[in-house]
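Peer 1: Dropping the structure in here first, questions after.
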Amino acid sequence: METVKLTIDNKQIEVNKGTTLLKAAHRLGVEIPTLCHMELHDLNIENKPGGCRICVVEVQGRRNLAPACITKCEEGMTIRTHNARVLNARRTVMEFILSDHPKDCLICPKSGHCDLQDMANRLGIREIPGHEIAEMSTYRKDTSPSIIRELDKCIMCRRCEMMCNEVQTVGALSAVNRGFMAVVAPAFEQNLEYSPCTYCGQCVAVCPTGALTEVDHTRDVLRALVDPSKTVVVQTAPAVRAALGEEFGMKPGTLVTGKLVAALKALGFDYVFDTDFAADLTIMEEGTELLTRLGKHLKGDTDANIPILTSCCPGWVNFFEHNYPELKDVPSTAKSPQQMFGAIAKTYFADKISVKRQDMVVVSIMPCLAKKYESQRPEFAVDGNPDVDFSISTRELAAFIKQANIDFNDLADMDFDRPLGESSGAAVIFGNTGGVIEAAVRTAYEIYTGKKLSRLDFTELRGMEGVRQATIDFNGFPLSIGIAHGLGNARKLLDDVKAGRSKFHAIEVMACPGGCIGGGGQPLHHGDSSILKARAKAIYEEDKNKAIRVSHENPYILQLYKEFLGEPNSGKAHHLLHTHYFDRKAKIIIKK
Amino acid sequence: MSKYKMHLLVCGGTGCRASESDLIVESLRKEIEEKGLQSDVQVIMTGCFGFCEKGPIVKVMPDNTFYVQVKPEDAPIIIAEHVIKGRRVQRLLYTDPVEKKQVSDSRHMGFYRKQIRIALRNCGFINPENIDEYIARDGYAAIGKCLTEMSPAHVVEQMKLSGLRGRGGGGFPTGLKWEIASRNNADQKYVVCNADEGDPGAFMDRSILEGDPHSVLEAMAICGYAIGATKGLIYIRAEYPLAIQRLRVAIKQARDYGLLGENILGSSFSFDIEMRYGAGAFVCGEETALIHSMEGERGEPTNKPPFPAESGFLGKPTNVNNVETLASVPVIINKGSDWFAAIGTEKSKGTKVFALAGKINNVGLIEVPMGTTLREVIFEIGGGIKNGRKFKAVQTGGPSGGCLTEKHLDIPIDFDNLIAAGSMMGSGGMIVMDEDDCMVSVSKYFLEFTVEESCGKCSPCRIGNKRLHELLTHITKGNGTMADLDRLRNMSLVIKDTSLCGLGQSSPNPVLSTLANFMDEYVAHVSEKKCPSGQCRDLMKYSIVFDKCVGCTACSRACPVNAISGERKEVHFIDQDKCIKCGACFDKCKFAAVLIN
């Protein structure tokens, strides 16, 4: 590799050719401030439009200042990152940005987590000259089932646009308008609801300001909790326990399962259950479906719909409904764990505790924003009463706990309630990319072969690479598995399926990079991908610590089938636990 | 052209066509037919003559008689008098505003005397929709010469030696640009013609495309040969329908003649050209934004490097030149780089086309050697300031240029001198201002344009320019302070220093140059709350002179907001809080009792 030598703030450094000034400076311990730039290193995701101009530095001999985030090191460069010219420019540019940003930090949902606020503080901005006569760019506020867009707060960093187009290939967001009114929005400045948005929430996860936030349902939950006529049941997804601690100052990757349960009890939920229970149920249903389809496929049935595609992830479901409606019979018909939980809670469990459906409120705690939309889908309701009433994100739960004056760090661990709180290790790993398929393999293998697995950790299915593949030996039958996380990666596999050249028997897709641990409702990573890795590691640890590690050994699952459902994929199971998909491809209708 | 005894050249540029020049052509032809002169006299619709101030133009050849402001109904007299009887139609001749004399021969007109036309060589001479006329004036000889006598490296070398620099604004050496593109190997390269002319008032590119489209096509083929590209793209704004139509005709003709397409002139070199249409965004004149727009992406610039020569259209090496630059290329090949390099100044060779506009007598398009002074351009070619007013400033380089003053009039115009003086060449816009123009308002006006045209990608340009405009408005309303002038300067410098592309890097130039050259006017606005030119409405004050008012009540009756009070035959009074400064009282008063200051 060719290298170049340069001087940054009087310090010499030699770097590989192609290194940016920002990274070279970082190696010298010189932290040049950035705003629009964001990099998720392990996921190969980088946003660097060079638009905010906060990271400008002086390159000796050049007429203008250069943005450090995109300027590449050249031999013999002399760089100043903080002389008077640079500091004045940086401050003035920041004043420009702030002059077109609302000053309502006190009541902004992003307050305290806002990159812009942090930068204003870091640069020591104490006034915005001329703000009395400064016009602000204002836009219509847009609320969708999952995401709120408050574009007055958009600073045109384009991170959301990059996530939506380059990473997710969803294409819901792009820059519109020119000059002062330029902003990131769906085509023709339509509402998000009318765009191909999947509600994956990756735009929210990277937004540096309060321009993109989740719809807050904590007040609805509070109302249910204080209503004595309601029995409030809560379920919590696996990825939540690996991230919630971050909101309370804990190290990323700290597992807080016991404290989470304690906090939910303290908040007043009547039953604290685990979505993982429903994940085990998903494995029973989806695993059986896989084996049935595989059996047909091996007998030569060309309509067996192989590869089977997982269906746990609502962002992913929205994606294929929008983009691949012709494949809508290919994904598993199994509902997501969230919805399976709701369906069982409001039937089996409601019967058990003799509570009427309409008197039960099911709340889910999710790392996800698409779950809000999923819970509101009309097919997931009985006579207008939804199986899951409210879905709140990890971030909303953290805020809720803080409002309830609970000292989270000091809580003594508690255990989930029974019966819907018991789960296997296989269910826990649903939170990571590759986890659903690994859980399915554990169960399908034992059912298919009739043998006990000698090892439970399928490390070949794990990792952070966007598209992965592995072949698992099912007693002589090579089961070929594909895994994609991030919808852009899913698109690659889907195109193969559509063209009939996919060689896989089963494909797992999770919409968010890293899987649910990197979900749109998780504590903000601020571009630090080591946080995602730490969460993933914690999830695998939780799996290891579990006494039961395969779904079909969860005694409460076995009991549920025995008492209520019968067999996996039985008529009743189909009625309660399976769904169907819709064609949502945008159609242009020209009215005459 | 030898077959006919006489040619009547009628301007078919957008401006003259808007004044019915196509009807003039029709009437002339009808008259000629009626008089049975078809075999002796030919009417040709040409491209722009440049003298738009007095259009429509009809020029009679071979005697160079130059008729101005011709109407379709003048056709019979031109035919009857000039063509048949050989007598010039006096009333249609041009009168020199300086010498107050009629001039019949265009070569003796002040407007044309100092011009050397290279890029505009065929505009106003040939029918742009007839490839034979282009060929008759050495057209496609240059590509022939390249293909038969010169290696690609030799062509690049000639371009380098010619010293030609980009005419679109940047002034980057064209030969060097070609050399970089030729060095980058790829399976496909592109030649792009930037015809996204966007400076307000500048229309040289449109005129060239309307008047001589083949020169651009030929130059693109030469460039393709030099850098190893087989595909050419013309990015042209859709608001130029006539230029688009003429390009379409020209491309088809060139293909029919084997001058575009496979194996040009029987050589192994193949090159073809397609058109891409822009929606008229100013920023798409910036080459990376232009390329994104051609790719179907949002038209916004990206950081350079990588330069288009490395990674341009669809990621392939791409050479982008503007229309005027390309139009000079065939001449350089034909006449040699030495010939071209002998014209102009040390670092700026050849000629430059300028669009004269504003308070100048001869509004139009001119082409002069580099090194011509502003004084020559404005006072000789341009015929001086309108209505005998006093020259105050000239804005060169379009909205991103700077305002130059009296003291700059004698500097020879070239790329470096203009930058040293605090302005720039830009694409060659030249807007002349007289003593009635307020320089604060002028910079506000230019900022209004850049605020409108910013793409919004980088914060200093998106927000900073808006803030500059707001502060200038604040000052013209009389609300500014001395501290605001410092802020104006600091914001301008930072926007220049930090913006992503040329638009933001130059948009504060009008502010900085007026601050440097007309500080006294800014100070008058902020400290005395006065506009010395009387242009800023909010700073005007109408009052009634006590001893001149006779109490006729004419002013109070004229006042639309009842701001004037006073009894009959008594002195009237203007309530300043109510006054909207419409000037109705001033116009009505027969006793000069209303005073403006």
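Letters A, B, ... mark the chains of the structure tokens in the order given; residue numbers begin at 1 per chain; ligand numbers begin at 1, in order shown.
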Looking only at the backbone, which of the residues in region 81-235 of chain A does DSSP tag as strand (DSSP E or B), as a ChimeraX atom specification?
Peer 2: /A:142-143,147-149,174-176,183-185,212-214,231-235
Peer 1: Please produce a file of the residues just selected, as a short mmCIF file (atom, residue, chain, number, x, y, z; two decimals), in the first residue's frame, where the atoms kept are C-alpha atoms.
Peer 2:
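The result, written out as again38.cif:
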data_model
loop_
_atom_site.label_atom_id
_atom_site.label_comp_id
_atom_site.auth_asym_id
_atom_site.auth_seq_id
_atom_site.Cartn_x
_atom_site.Cartn_y
_atom_site.Cartn_z
CA ASP A 142 -45.92 14.82 9.15
CA THR A 143 -47.01 12.06 11.46
CA ILE A 147 -42.39 8.15 12.57
CA ILE A 148 -42.82 11.88 13.07
CA ARG A 149 -41.10 14.22 10.65
CA SER A 174 -34.50 12.24 -0.83
CA ALA A 175 -33.59 15.91 -0.98
CA VAL A 176 -36.31 18.08 -2.43
CA VAL A 183 -35.04 19.51 2.78
CA VAL A 184 -35.18 15.73 2.86
CA ALA A 185 -38.68 14.40 2.16
CA LEU A 212 -37.10 12.49 12.78
CA THR A 213 -38.47 10.89 15.90
CA GLU A 214 -40.75 8.04 16.86
CA THR A 231 -55.49 -5.84 32.83
CA VAL A 232 -52.27 -4.64 31.27
CA VAL A 233 -49.93 -7.25 29.88
CA VAL A 234 -46.48 -6.34 28.64
CA GLN A 235 -44.13 -8.28 26.37
#
Peer 1: List the neighbours of region 361-370 of chain B out to 7 Å using only C-alpha atoms; skip same-chain residues closer than 6 positions along the sequence, and give me the result as an MDAnalysis selection string.
Peer 2: chainID B and resid 50:53 114:117 204 343:345 348:355 382:386 413:414
Peer 1: Residues of chain A within 9 Å of chain B: nearest atom pair and distance (Å, one decimal) for each, counting only C-alpha atoms, sorted by chain and number, as CSV?
Peer 2:
residue,atom,partner,partner_atom,distance
A:Pro49,CA,B:Thr302,CA,7.4
A:Gly50,CA,B:Asn303,CA,7.1
A:Gly51,CA,B:Cys458,CA,4.1
A:Cys52,CA,B:Ser459,CA,5.3
A:Arg53,CA,B:Thr498,CA,6.4
A:Ile54,CA,B:Thr498,CA,8.9
A:Val56,CA,B:Thr498,CA,7.0
A:Arg63,CA,B:Asp497,CA,7.7
A:Asn64,CA,B:Asp497,CA,4.8
A:Leu65,CA,B:Asp497,CA,5.6
A:Ala66,CA,B:Thr498,CA,7.2
A:Pro67,CA,B:Thr498,CA,8.1
A:Ile70,CA,B:Asn303,CA,7.7
A:Thr71,CA,B:Pro305,CA,8.1
A:Lys72,CA,B:Pro305,CA,8.7
A:Arg85,CA,B:Val494,CA,8.8
A:Asn88,CA,B:Val494,CA,7.9
A:Ala89,CA,B:Val494,CA,5.3
A:Arg90,CA,B:Val494,CA,8.6
A:Thr92,CA,B:Val494,CA,7.0
A:Val93,CA,B:Pro460,CA,5.9
A:Met94,CA,B:Ser459,CA,8.6
A:Phe96,CA,B:Ile463,CA,5.8
A:Ile97,CA,B:Ser459,CA,6.5
A:Ser99,CA,B:Ile463,CA,8.2
A:Asp100,CA,B:Ile463,CA,7.2
A:Pro129,CA,B:Arg487,CA,8.6
A:Gly130,CA,B:Leu471,CA,8.1
A:Ile133,CA,B:Glu470,CA,7.1
A:Ala134,CA,B:Arg467,CA,6.6
A:Glu135,CA,B:Glu470,CA,8.2
A:Ile155,CA,B:Ser459,CA,8.1
A:Met156,CA,B:Lys457,CA,7.1
A:Cys157,CA,B:Lys457,CA,8.5
A:Arg158,CA,B:Lys457,CA,9.0
A:Ser174,CA,B:Arg298,CA,9.0
A:Ala175,CA,B:Arg298,CA,7.8
A:Val176,CA,B:Arg298,CA,8.5
A:Asn177,CA,B:Cys455,CA,8.0
A:Arg178,CA,B:Cys455,CA,4.8
A:Gly179,CA,B:Gly456,CA,4.0
A:Phe180,CA,B:Arg462,CA,5.1
A:Met181,CA,B:Gly456,CA,7.5
A:Ala182,CA,B:Gly456,CA,5.3
A:Val183,CA,B:Gly456,CA,8.1
Peer 1: DSSP on the backbone, helix (DSSP H, G or I) only: what residues of region 139-293 of chain B does that give? Format it as a ChimeraX atom specification.
Peer 2: /B:141-149,152-162,174-183,204-211,213-227,241-256,264-266,282-285,287-293
Peer 1: Could you state the separation of CA of Ala84 (chain A) and CA of Asp9 (chain A) in Å, given to one decimal place?
Peer 2: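 Computed distance, CA of Ala84 (chain A) to CA of Asp9 (chain A), equals 12.9 Å.
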Peer 1: Would you mind reading off the distance between CA of Leu233 (chain B) and CA of Gly15 (chain B), one decimal, in Å?
Peer 2: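 Atom-to-atom, CA of Leu233 (chain B) to CA of Gly15 (chain B), that is 26.3 Å.
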Peer 1: Can you measure CA of Leu558 (chain A) to CA of Ile437 (chain A) for me? One decimal in Å is fine.
Peer 2: 20.7 Å
Peer 1: Would you kindly return, as a ChimeraX atom specification, each protein, DNA or RNA residue with an atom no farther than 8 Å from any atom of region 328-345 of chain A, considering only C-alpha atoms and excluding same-chain residues fewer than 5 positions away?
Peer 2: /A:235,237,275-279,281-282,285-286,289-290,305-314,320-321,350,362,364,371,375,380,387-388,576-583
Peer 1: Can you tell me which residues surround Asn517 (chain B) at a distance of at most 8 Å, considering only C-alpha atoms, apart from same-chain residues fewer than 4 positions away, and format the answer as an NGL selection string?
Peer 2: :B and (403-405 or 513)
Peer 1: Near Lys590 (chain B), within 12 Å and counting only C-alpha atoms, which residues show up once chain neighbours fewer than 5 positions away are dropped, as a list of chain:residue names?
Peer 2: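 Answer for this query is B:Lys548, B:Cys549, B:Val550, B:Gly551, B:Cys552, B:Thr553, B:Ala554, B:Cys555, B:Cys585.
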Peer 1: For the residues in that selection, give me C-alpha atoms as an mmCIF file, in the first residue's frame.
Peer 2:
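Saved as part-v4.cif:
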data_model
loop_
_atom_site.group_PDB
_atom_site.id
_atom_site.type_symbol
_atom_site.label_atom_id
_atom_site.label_comp_id
_atom_site.auth_asym_id
_atom_site.auth_seq_id
_atom_site.Cartn_x
_atom_site.Cartn_y
_atom_site.Cartn_z
ATOM 1 C CA LYS B 548 -43.121 77.259 -1.522
ATOM 2 C CA CYS B 549 -46.420 75.665 -0.568
ATOM 3 C CA VAL B 550 -49.428 77.746 -1.593
ATOM 4 C CA GLY B 551 -51.999 75.421 -0.022
ATOM 5 C CA CYS B 552 -53.569 74.297 -3.320
ATOM 6 C CA THR B 553 -54.398 70.860 -1.747
ATOM 7 C CA ALA B 554 -53.371 69.041 -4.933
ATOM 8 C CA CYS B 555 -50.916 66.903 -2.978
ATOM 9 C CA CYS B 585 -47.455 64.354 -4.079
#
Peer 1: I'd like the contact shell of Glu422 (chain A) - 8 Å cut-off, only C-alpha atoms, skipping same-chain residues fewer than 5 positions apart - returned as a ChimeraX atom specification.
Peer 2: /A:273-274,276-277,416-417,554,556
Peer 1: Would you save the residues from that selection as a PDB file, in the first residue's frame, using C-alpha atoms?
Peer 2:
ATOM      1  CA  PHE A 273     -44.037 -11.451  29.855  1.00  0.00           C
ATOM      2  CA  ASP A 274     -41.424 -12.084  27.254  1.00  0.00           C
ATOM      3  CA  ASP A 276     -39.211 -14.580  23.507  1.00  0.00           C
ATOM      4  CA  PHE A 277     -41.993 -16.952  24.482  1.00  0.00           C
ATOM      5  CA  PHE A 416     -40.692 -12.857  34.079  1.00  0.00           C
ATOM      6  CA  ASP A 417     -44.182 -14.052  34.957  1.00  0.00           C
ATOM      7  CA  ASN A 554     -39.829 -24.824  26.266  1.00  0.00           C
ATOM      8  CA  TYR A 556     -44.822 -23.727  28.434  1.00  0.00           C
TER       9      TYR A 556
END
Peer 1: Lys402 (chain A): which residues within 12 Å, counting only C-alpha atoms, same-chain residues fewer than 4 positions away excluded, as an NGL selection string?
Peer 2: :A and (218 or 247-248 or 263-264 or 266-267 or 395-398 or 406-409)
Peer 1: Let's have the selection written as a CSV table (one decimal), in the first residue's frame, with N, CA and C atoms.
Peer 2:
chain,number,residue,atom,x,y,z
A,218,THR,N,-46.2,6.4,25.0
A,218,THR,CA,-46.1,6.2,26.5
A,218,THR,C,-47.3,6.7,27.2
A,247,GLU,N,-29.2,3.7,28.2
A,247,GLU,CA,-30.0,4.9,28.5
A,247,GLU,C,-29.8,5.3,30.0
A,248,PHE,N,-29.3,4.4,30.8
A,248,PHE,CA,-29.0,4.7,32.2
A,248,PHE,C,-27.6,4.7,32.5
A,263,ALA,N,-38.4,-3.1,36.5
A,263,ALA,CA,-38.9,-1.8,36.1
A,263,ALA,C,-40.3,-1.8,35.6
A,264,LEU,N,-40.6,-2.8,34.8
A,264,LEU,CA,-41.9,-2.9,34.2
A,264,LEU,C,-43.0,-3.2,35.3
A,266,ALA,N,-42.6,-2.3,38.4
A,266,ALA,CA,-42.7,-1.0,39.2
A,266,ALA,C,-43.6,0.0,38.5
A,267,LEU,N,-43.6,-0.1,37.1
A,267,LEU,CA,-44.4,0.8,36.4
A,267,LEU,C,-45.9,0.4,36.5
A,395,ARG,N,-36.3,3.3,23.6
A,395,ARG,CA,-36.1,4.7,24.0
A,395,ARG,C,-37.3,5.3,24.8
A,396,GLU,N,-38.5,4.9,24.3
A,396,GLU,CA,-39.7,5.4,25.0
A,396,GLU,C,-39.8,4.8,26.4
A,397,LEU,N,-39.4,3.5,26.5
A,397,LEU,CA,-39.5,2.9,27.8
A,397,LEU,C,-38.5,3.5,28.7
A,398,ALA,N,-37.3,3.8,28.3
A,398,ALA,CA,-36.3,4.5,29.1
A,398,ALA,C,-36.9,5.8,29.7
A,406,ILE,N,-38.0,6.0,38.8
A,406,ILE,CA,-37.4,4.7,39.2
A,406,ILE,C,-35.9,4.7,39.0
A,407,ASP,N,-35.2,4.4,40.0
A,407,ASP,CA,-33.7,4.3,39.9
A,407,ASP,C,-33.4,3.0,39.3
A,408,PHE,N,-33.3,3.0,38.0
A,408,PHE,CA,-33.1,1.8,37.2
A,408,PHE,C,-31.9,1.0,37.7
A,409,ASN,N,-30.8,1.7,37.9
A,409,ASN,CA,-29.5,1.1,38.2
A,409,ASN,C,-29.6,0.3,39.5
Peer 1: Kindly indicate which residue among B:Leu92, B:Cys11, B:Ile78, B:Val155 lies nearest to Gly55 (chain B), using only C-alpha atoms for the distances.
Peer 2: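 For Gly55 (chain B), the nearest of the given residues is B:Cys11.
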Peer 1: Measuring atom to atom with only C-alpha atoms, identify which of A:Ala511, A:Met162, A:Val86, A:Val59 is nearest to Glu39 (chain A).
Peer 2: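 Checking each of A:Ala511, A:Met162, A:Val86, A:Val59 against Glu39 (chain A), counting only C-alpha atoms, the winner is A:Met162.
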Peer 1: Name the closest residue to Ala484 (chain A) among the candidates A:Gln168, A:Leu244, A:Thr449, A:Lys230; distances are taken between atoms, counting only C-alpha atoms.
Peer 2: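 Looking only at the distances to Ala484 (chain A), the closest residue turns out to be A:Gln168.
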Peer 1: Tell me which of B:His292, B:Arg167, B:Lys541, B:Lys407 sits closest to Glu197 (chain B), counting only C-alpha atoms.
Peer 2: B:Arg167
Peer 1: Given the choices B:Glu297, B:Met433, B:Gly139, B:Ile596, which gets closest to Arg389 (chain B) if the distance is worked out from only C-alpha atoms?
Peer 2: B:Met433
